[in-house]
file model05.txt (compact mmCIF, C-alpha atoms)
# COMPACT_ATOMS: atom_id res chain seq x y z
CA MET A 1 -212.25 -220.24 87.43
CA SER A 2 -208.58 -219.46 88.08
CA GLN A 3 -207.85 -223.05 89.09
CA THR A 4 -209.45 -224.28 85.87
CA THR A 5 -207.41 -221.80 83.82
CA GLY A 6 -204.21 -222.84 85.62
CA ALA A 7 -204.93 -226.51 85.00
CA SER A 8 -205.64 -225.83 81.36
CA THR A 9 -202.41 -223.84 81.01
CA ALA A 10 -200.43 -226.63 82.69
CA SER A 11 -202.03 -229.19 80.40
CA VAL A 12 -201.19 -227.12 77.33
CA ALA A 13 -197.62 -226.60 78.56
CA GLY A 14 -197.24 -230.32 79.24
CA ALA A 15 -198.62 -231.18 75.84
CA THR A 16 -196.29 -228.65 74.20
CA THR A 17 -193.28 -230.04 76.07
CA GLY A 18 -194.25 -233.60 75.15
CA ALA A 19 -194.68 -232.63 71.52
CA ALA A 20 -191.33 -230.87 71.51
CA GLY A 21 -189.67 -233.92 73.06
CA SER A 22 -191.29 -236.21 70.50
CA ALA A 23 -190.20 -233.91 67.68
CA ALA A 24 -186.62 -233.87 68.99
CA ALA A 25 -186.59 -237.66 69.29
CA GLU A 26 -188.00 -237.96 65.77
CA ALA A 27 -185.36 -235.57 64.43
CA ALA A 28 -182.56 -237.49 66.17
CA ARG A 29 -183.75 -240.82 64.77
CA PRO A 30 -181.68 -241.83 61.71
CA ARG A 31 -183.62 -241.90 58.46
CA VAL A 32 -181.27 -244.35 56.71
CA ARG A 33 -179.81 -247.56 58.09
CA GLU A 34 -177.12 -249.69 56.51
CA PHE A 35 -178.11 -252.94 54.85
CA THR A 36 -176.25 -255.33 52.55
CA ALA A 37 -176.39 -254.54 48.85
CA TYR A 38 -177.03 -257.23 46.27
CA SER A 39 -173.77 -258.37 44.70
CA VAL A 40 -172.31 -261.48 43.13
CA GLY A 41 -168.84 -262.91 42.91
CA GLY A 42 -166.65 -260.89 40.63
CA GLY A 43 -164.89 -263.92 39.15
CA VAL A 44 -168.05 -265.29 37.53
CA ALA A 45 -169.07 -261.82 36.33
CA LEU A 46 -165.61 -261.17 34.87
CA LEU A 47 -165.59 -264.52 33.07
CA SER A 48 -169.09 -263.89 31.69
CA GLY A 49 -168.08 -260.46 30.48
CA LEU A 50 -165.01 -261.78 28.71
CA VAL A 51 -167.09 -264.49 27.06
CA GLY A 52 -169.57 -261.84 25.91
CA VAL A 53 -166.81 -259.67 24.46
CA ALA A 54 -165.33 -262.69 22.69
CA ALA A 55 -168.77 -263.63 21.33
CA GLY A 56 -169.30 -260.11 20.02
CA VAL A 57 -165.94 -260.11 18.29
CA CYS A 58 -166.69 -263.50 16.75
CA LEU A 59 -170.06 -262.28 15.44
CA VAL A 60 -168.45 -259.19 13.91
CA VAL A 61 -165.76 -261.32 12.26
CA ALA A 62 -168.35 -263.79 11.04
CA GLY A 63 -170.44 -260.99 9.58
CA ALA A 64 -167.45 -259.52 7.83
CA ALA A 65 -166.54 -262.96 6.44
CA VAL A 66 -169.93 -263.51 4.83
CA PRO A 67 -169.56 -263.66 1.01
CA GLU A 68 -170.62 -260.57 -0.88
CA ASP A 69 -173.10 -262.49 -3.02
CA THR A 70 -175.23 -263.29 0.07
CA SER A 71 -177.88 -261.03 1.57
CA THR A 72 -176.57 -257.67 2.70
CA ALA A 73 -179.14 -257.62 5.52
CA ALA A 74 -177.81 -260.87 7.02
CA ARG A 75 -174.27 -259.56 6.87
CA ALA A 76 -175.20 -256.24 8.51
CA GLY A 77 -177.32 -258.06 11.08
CA LEU A 78 -174.40 -260.24 12.23
CA ILE A 79 -172.10 -257.25 12.51
CA ALA A 80 -174.70 -255.20 14.38
CA LEU A 81 -175.44 -258.10 16.71
CA GLY A 82 -171.75 -258.59 17.43
CA VAL A 83 -171.32 -254.90 18.21
CA VAL A 84 -174.33 -254.93 20.54
CA VAL A 85 -173.17 -258.08 22.33
CA GLY A 86 -169.64 -256.73 22.77
CA LEU A 87 -170.77 -253.33 24.02
CA GLY A 88 -173.30 -254.98 26.35
CA ALA A 89 -170.58 -257.21 27.80
CA LEU A 90 -168.26 -254.24 28.30
CA PHE A 91 -171.05 -252.27 29.96
CA ALA A 92 -171.85 -255.19 32.26
CA MET A 93 -168.19 -255.39 33.27
CA CYS A 94 -168.42 -251.78 34.50
CA GLY A 95 -170.23 -253.21 37.54
CA LEU A 96 -167.04 -254.91 38.77
CA ASN A 97 -165.54 -253.49 42.00
CA MET A 98 -162.38 -254.20 43.92
CA VAL A 99 -163.25 -254.05 47.64
CA ALA A 100 -160.19 -254.03 49.88
CA PRO A 101 -160.23 -255.23 53.52
CA GLY A 102 -161.27 -252.41 55.82
CA GLU A 103 -163.32 -250.71 53.10
CA ALA A 104 -166.97 -250.61 52.09
CA ARG A 105 -168.80 -249.52 48.94
CA VAL A 106 -172.01 -247.49 49.38
CA VAL A 107 -174.22 -248.29 46.38
CA GLN A 108 -176.71 -245.76 44.96
CA LEU A 109 -179.10 -246.15 42.02
CA PHE A 110 -180.25 -242.81 40.62
CA GLY A 111 -179.73 -241.16 44.01
CA ARG A 112 -181.45 -243.87 46.03
CA TYR A 113 -179.50 -245.91 48.59
CA ARG A 114 -179.36 -249.54 47.49
CA GLY A 115 -177.11 -251.01 50.20
CA THR A 116 -173.47 -251.42 51.17
CA VAL A 117 -170.92 -253.96 49.95
CA ARG A 118 -168.54 -255.00 52.75
CA THR A 119 -167.35 -258.36 51.35
CA ASP A 120 -163.76 -257.90 50.26
CA GLY A 121 -162.46 -259.09 46.91
CA LEU A 122 -163.85 -258.70 43.39
CA ARG A 123 -167.60 -258.08 43.49
CA TRP A 124 -170.19 -257.23 40.81
CA VAL A 125 -173.17 -254.94 41.27
CA ASN A 126 -175.60 -253.26 38.92
CA PRO A 127 -173.47 -251.22 36.47
CA LEU A 128 -176.05 -248.41 36.50
CA THR A 129 -175.30 -247.71 40.16
CA SER A 130 -172.71 -245.37 41.62
CA ARG A 131 -170.32 -246.68 44.27
CA VAL A 132 -168.64 -244.54 46.94
CA VAL A 133 -165.68 -245.90 48.92
CA ILE A 134 -165.81 -245.43 52.71
CA SER A 135 -163.02 -246.64 54.97
CA THR A 136 -164.13 -248.71 57.96
CA ARG A 137 -160.65 -248.87 59.49
CA VAL A 138 -159.85 -247.54 62.95
CA ARG A 139 -158.82 -243.88 62.87
CA ASN A 140 -157.26 -241.37 65.25
CA HIS A 141 -158.26 -237.76 65.66
CA GLU A 142 -156.13 -235.51 67.85
CA THR A 143 -157.44 -232.09 68.69
CA ALA A 144 -155.29 -229.00 68.76
CA VAL A 145 -154.30 -227.54 72.12
CA MET A 146 -157.34 -225.52 73.22
CA LYS A 147 -157.48 -222.80 75.86
CA VAL A 148 -160.68 -222.91 77.95
CA ASN A 149 -161.82 -221.96 81.45
CA ASP A 150 -162.36 -224.75 83.96
CA ALA A 151 -165.20 -224.91 86.50
CA TYR A 152 -163.42 -222.37 88.76
CA GLY A 153 -162.84 -219.96 85.89
CA ASN A 154 -159.11 -220.64 85.62
CA PRO A 155 -157.73 -220.67 82.06
CA ILE A 156 -156.28 -224.07 81.17
CA GLU A 157 -154.87 -225.73 78.08
CA LEU A 158 -155.92 -229.21 77.03
CA ALA A 159 -155.98 -231.53 74.04
CA ALA A 160 -157.41 -234.99 73.47
CA VAL A 161 -157.09 -237.92 71.09
CA VAL A 162 -160.12 -239.95 69.96
CA VAL A 163 -159.99 -243.43 68.42
CA TRP A 164 -163.04 -244.07 66.24
CA ARG A 165 -164.34 -245.99 63.26
CA VAL A 166 -167.34 -245.91 60.92
CA GLU A 167 -169.95 -248.36 62.14
CA ASP A 168 -172.90 -247.53 59.85
CA THR A 169 -171.83 -246.44 56.37
CA ALA A 170 -175.34 -245.31 55.38
CA GLN A 171 -175.57 -242.89 58.30
CA ALA A 172 -172.04 -241.63 57.69
CA MET A 173 -172.88 -241.01 54.04
CA PHE A 174 -176.39 -239.56 54.21
CA GLU A 175 -177.10 -238.33 57.75
CA VAL A 176 -174.29 -235.73 57.91
CA ASP A 177 -172.60 -233.61 55.28
CA ASP A 178 -168.99 -234.65 56.02
CA PHE A 179 -168.63 -237.28 58.74
CA GLU A 180 -164.89 -236.70 59.25
CA GLN A 181 -165.42 -232.97 59.80
CA PHE A 182 -168.43 -233.79 61.95
CA VAL A 183 -166.33 -236.01 64.24
CA SER A 184 -163.63 -233.34 64.47
CA THR A 185 -166.08 -230.58 65.40
CA GLN A 186 -168.03 -232.68 67.89
CA THR A 187 -164.80 -233.87 69.54
CA GLU A 188 -163.67 -230.30 70.18
CA ALA A 189 -167.12 -229.39 71.47
CA ALA A 190 -167.17 -232.37 73.87
CA VAL A 191 -163.68 -231.61 75.17
CA ARG A 192 -164.62 -227.98 75.83
CA HIS A 193 -167.85 -229.02 77.55
CA ILE A 194 -166.04 -231.49 79.83
CA ALA A 195 -163.37 -228.87 80.65
CA ILE A 196 -165.86 -226.24 81.82
CA GLU A 197 -167.75 -228.75 84.00
CA TYR A 198 -164.77 -229.82 86.15
CA PRO A 199 -161.90 -227.93 87.78
CA TYR A 200 -158.26 -228.57 87.02
CA ASP A 201 -157.65 -229.25 90.74
CA ALA A 202 -160.53 -229.83 93.19
CA HIS A 203 -160.45 -227.87 96.47
CA ASP A 204 -162.20 -230.68 98.31
CA GLU A 205 -161.18 -234.32 98.29
CA GLU A 206 -164.62 -235.62 97.26
CA GLY A 207 -164.92 -233.51 94.08
CA LEU A 208 -163.76 -234.69 90.68
CA SER A 209 -160.92 -232.84 88.95
CA LEU A 210 -159.33 -233.06 85.53
CA ARG A 211 -155.88 -233.78 86.94
CA GLY A 212 -156.77 -235.99 89.90
CA ASN A 213 -159.53 -238.12 88.33
CA ALA A 214 -158.31 -238.69 84.79
CA GLU A 215 -159.92 -242.13 84.41
CA GLU A 216 -163.40 -240.99 85.48
CA ILE A 217 -163.22 -237.84 83.35
CA THR A 218 -162.13 -239.74 80.22
CA GLU A 219 -165.02 -242.17 80.71
CA LYS A 220 -167.43 -239.24 80.82
CA LEU A 221 -165.73 -237.77 77.74
CA ALA A 222 -166.13 -241.06 75.86
CA ALA A 223 -169.82 -241.27 76.83
CA GLU A 224 -170.49 -237.71 75.67
CA LEU A 225 -168.59 -238.25 72.42
CA HIS A 226 -170.59 -241.41 71.71
CA ALA A 227 -173.84 -239.49 72.17
CA ARG A 228 -172.66 -236.66 69.91
CA VAL A 229 -171.33 -238.71 66.96
CA GLU A 230 -173.89 -241.52 67.04
CA ALA A 231 -175.98 -239.70 64.42
CA ALA A 232 -173.10 -240.07 61.92
CA GLY A 233 -172.87 -243.85 62.34
CA VAL A 234 -169.53 -243.52 64.14
CA ARG A 235 -168.43 -245.55 67.17
CA VAL A 236 -165.91 -244.09 69.61
CA ILE A 237 -163.47 -246.78 70.74
CA GLU A 238 -161.33 -244.74 73.15
CA SER A 239 -160.66 -241.16 74.14
CA ARG A 240 -157.76 -239.75 76.18
CA PHE A 241 -156.37 -236.37 77.20
CA THR A 242 -152.95 -235.83 75.66
CA HIS A 243 -152.25 -232.37 77.10
CA LEU A 244 -153.48 -230.80 80.33
CA ALA A 245 -151.92 -227.76 81.97
CA TYR A 246 -152.66 -224.32 83.30
CA ALA A 247 -152.41 -221.47 80.83
CA PRO A 248 -148.97 -219.77 80.83
CA GLU A 249 -150.33 -216.52 82.31
CA ILE A 250 -151.39 -218.23 85.57
CA ALA A 251 -149.07 -221.23 85.60
CA SER A 252 -146.59 -219.71 88.09
CA ALA A 253 -149.32 -218.56 90.48
CA MET A 254 -151.04 -221.94 90.38
CA LEU A 255 -147.71 -223.66 90.96
CA GLN A 256 -147.23 -221.61 94.11
CA ARG A 257 -150.75 -222.52 95.23
CA GLN A 258 -150.05 -226.20 94.62
CA GLN A 259 -146.80 -225.96 96.56
CA ALA A 260 -148.57 -224.19 99.40
CA GLY A 261 -151.28 -226.82 99.45
CA ALA A 262 -148.68 -229.59 99.48
CA MET A 263 -146.82 -227.87 102.31
CA VAL A 264 -150.01 -227.47 104.37
CA ALA A 265 -150.90 -231.13 103.81
CA ALA A 266 -147.40 -232.19 104.84
CA ARG A 267 -147.57 -229.99 107.96
CA GLN A 268 -150.88 -231.57 108.90
CA LYS A 269 -149.36 -235.03 108.68
CA ILE A 270 -146.34 -233.92 110.70
CA VAL A 271 -148.50 -232.38 113.43
CA GLU A 272 -150.72 -235.46 113.62
CA GLY A 273 -147.67 -237.67 113.96
CA ALA A 274 -146.04 -235.38 116.52
CA VAL A 275 -149.17 -235.28 118.69
CA GLY A 276 -149.33 -239.06 118.63
CA MET A 277 -145.67 -239.35 119.62
CA VAL A 278 -146.06 -236.85 122.49
CA GLU A 279 -149.14 -238.67 123.74
CA LEU A 280 -147.32 -242.00 123.57
CA ALA A 281 -144.31 -240.57 125.46
CA LEU A 282 -146.49 -239.18 128.27
CA ASP A 283 -148.42 -242.45 128.55
CA ARG A 284 -145.20 -244.52 128.73
CA ILE A 285 -143.72 -242.23 131.42
CA ALA A 286 -146.91 -242.50 133.46
CA GLU A 287 -147.15 -246.30 133.02
CA ARG A 288 -143.56 -246.98 134.09
CA ASP A 289 -143.65 -244.37 136.86
CA ILE A 290 -140.34 -242.92 135.71
CA VAL A 291 -141.01 -239.44 137.01
CA GLU A 292 -144.05 -237.58 138.24
CA LEU A 293 -144.68 -234.38 136.29
CA ASP A 294 -146.91 -231.59 137.47
CA PRO A 295 -149.10 -229.85 134.87
CA GLU A 296 -146.60 -227.02 134.35
CA ARG A 297 -143.68 -229.36 133.66
CA LYS A 298 -145.87 -231.59 131.54
CA ALA A 299 -146.85 -228.56 129.43
CA ALA A 300 -143.18 -227.61 129.07
CA MET A 301 -142.31 -231.14 127.97
CA VAL A 302 -145.11 -231.14 125.43
CA SER A 303 -143.95 -227.77 124.09
CA ASN A 304 -140.34 -228.92 123.77
CA LEU A 305 -141.30 -232.17 122.05
CA MET A 306 -143.59 -230.37 119.57
CA VAL A 307 -140.82 -227.90 118.72
CA VAL A 308 -138.35 -230.71 118.14
CA LEU A 309 -140.73 -232.87 116.10
CA CYS A 310 -142.36 -230.11 114.02
CA GLY A 311 -139.38 -227.86 113.39
CA ASP A 312 -137.80 -227.45 109.97
CA ARG A 313 -134.28 -227.55 111.39
CA SER A 314 -132.51 -229.74 113.88
CA ALA A 315 -133.08 -228.62 117.47
CA GLN A 316 -130.14 -227.40 119.58
CA PRO A 317 -130.47 -229.25 122.92
CA ILE A 318 -129.82 -227.45 126.21
CA VAL A 319 -128.46 -229.70 128.95
CA ASN A 320 -129.84 -228.94 132.40
CA THR A 321 -127.12 -229.63 134.99
CA GLY A 322 -129.20 -228.58 137.96
CA THR A 323 -132.38 -230.02 139.41
CA LEU A 324 -135.62 -230.31 137.53
CA TYR A 325 -136.93 -227.05 139.01
CA GLN A 326 -133.78 -224.91 138.54
call {"tool": "encode", "arguments": {"input": "model05.txt", "output": "structure tokens"}}
result
Amino acid sequence: MSQTTGASTASVAGATTGAAGSAAAEAARPRVREFTAYSVGGGVALLSGLVGVAAGVCLVVAGAAVPEDTSTAARAGLIALGVVVGLGALFAMCGLNMVAPGEARVVQLFGRYRGTVRTDGLRWVNPLTSRVVISTRVRNHETAVMKVNDAYGNPIELAAVVVWRVEDTAQAMFEVDDFEQFVSTQTEAAVRHIAIEYPYDAHDEEGLSLRGNAEEITEKLAAELHARVEAAGVRVIESRFTHLAYAPEIASAMLQRQQAGAMVAARQKIVEGAVGMVELALDRIAERDIVELDPERKAAMVSNLMVVLCGDRSAQPIVNTGTLYQ
């Protein structure tokens, strides 16, 4: 009975998790995608509109020139027709748009998305529609200097610059409230998230750090930014850290730690080199049979060579004028 209950609970939990995942995927899926709006060349539309205005004016003039002894209805009809034709031509010319390179026009008809005009030049669309200009040029966004804690809990200061552009104008217009503010907020959130996942300086050589692995960290930052701003139809071209330093309150202490670490690393290299030189010297003396050293004298020689090779200052030699054992 308990096994059956446990299996049923697991099945319900799995179904709930699957439903939640499906709901999240459905919520993340964009509801509007960009497509090309219907438009015609603006030159033909402009010429047609001017011809219509001219025809309306001619009809009004012709109606006014009709003799008074003719039918009043015919005279009023010509004038009314001319007014209607002229106003219709002027209204049709309201659909003309100047689209500059690097810009797009998002077209809406009574609140419904009817497409995007990306072809530059003079274009004509339905005059009943509304057109919103969206820049598709490459833009820069530089964050302010932010103070966060790295993976070790040390307060650091960092800032980043993001190069981006609008890829899908429909998503940028309808999926988020303000896509520029959305990019700014998500950039700061991504930078903070990357900063708390990695230390400023890694204690081990295999770990990633913000200062030592800038290329790998910026690639991860770009990937996270792309995932965050994809819902707004924005494509991240590049992202870089422009400022990275310890916070002023711990900068001096961390500088001392870095200096100490550099000194220890240098000492390790010096000791490794000194041991190799001492070993080489003892091997050469033994190979050429220059002198036979007992263990005590060999230990003294090793000690003297290590002091000379590893010391911070120049050694002061002592000349032995006696025998080797005096």
call {"tool": "closest_residue", "arguments": {"input": "model05.txt", "among": "A:Ser39, A:Ser135, A:Ser184, A:Ser48", "to": "Arg123 of chain A", "atoms": "all atoms listed in the file"}}
result
A:Ser39
call {"tool": "atom_distance", "arguments": {"input": "model05.txt", "atom1": "atom CA of Arg105 of chain A", "atom2": "atom CA of Thr169 of chain A"}}
result
8.6 Å
call {"tool": "residues_around", "arguments": {"input": "model05.txt", "residues": "segment 110-116 of chain A", "least_positions_apart": "5", "cutoff": "10 Å", "atoms": "only C-alpha atoms", "output": "PyMOL selection string"}}
result
chain A and resi 32-39+104-105+128-134+168-170+173-174
call {"tool": "atom_distance", "arguments": {"input": "model05.txt", "atom1": "atom CA of Thr136 of chain A", "atom2": "atom CA of Gln181 of chain A"}}
result
15.9 Å
call {"tool": "closest_residue", "arguments": {"input": "model05.txt", "among": "A:Ala144, A:Ala232, A:Val191, A:Cys58", "to": "Asp177 of chain A", "atoms": "only C-alpha atoms"}}
result
A:Ala232
call {"tool": "residues_around", "arguments": {"input": "model05.txt", "residues": "Asn213 of chain A", "least_positions_apart": "4", "cutoff": "12 Å", "atoms": "only C-alpha atoms", "output": "PyMOL selection string"}}
result
chain A and resi 198-202+205-209+217-220+241
call {"tool": "residues_around", "arguments": {"input": "model05.txt", "residues": "Ile79 of chain A", "least_positions_apart": "3", "cutoff": "7 Å", "atoms": "all atoms listed in the file", "output": "PyMOL selection string"}}
result
chain A and resi 59-60+63-64+75-76+82-83
call {"tool": "atom_distance", "arguments": {"input": "model05.txt", "atom1": "atom CA of Glu279 of chain A", "atom2": "atom CA of Ala265 of chain A"}}
result
21.4 Å
call {"tool": "closest_residue", "arguments": {"input": "model05.txt", "among": "A:Ile194, A:Leu46, A:Ala65, A:Val275", "to": "Leu221 of chain A", "atoms": "only C-alpha atoms"}}
result
A:Ile194
call {"tool": "closest_residue", "arguments": {"input": "model05.txt", "among": "A:Phe91, A:Trp164, A:Tyr152, A:Tyr246", "to": "Leu50 of chain A", "atoms": "only C-alpha atoms"}}
result
A:Phe91
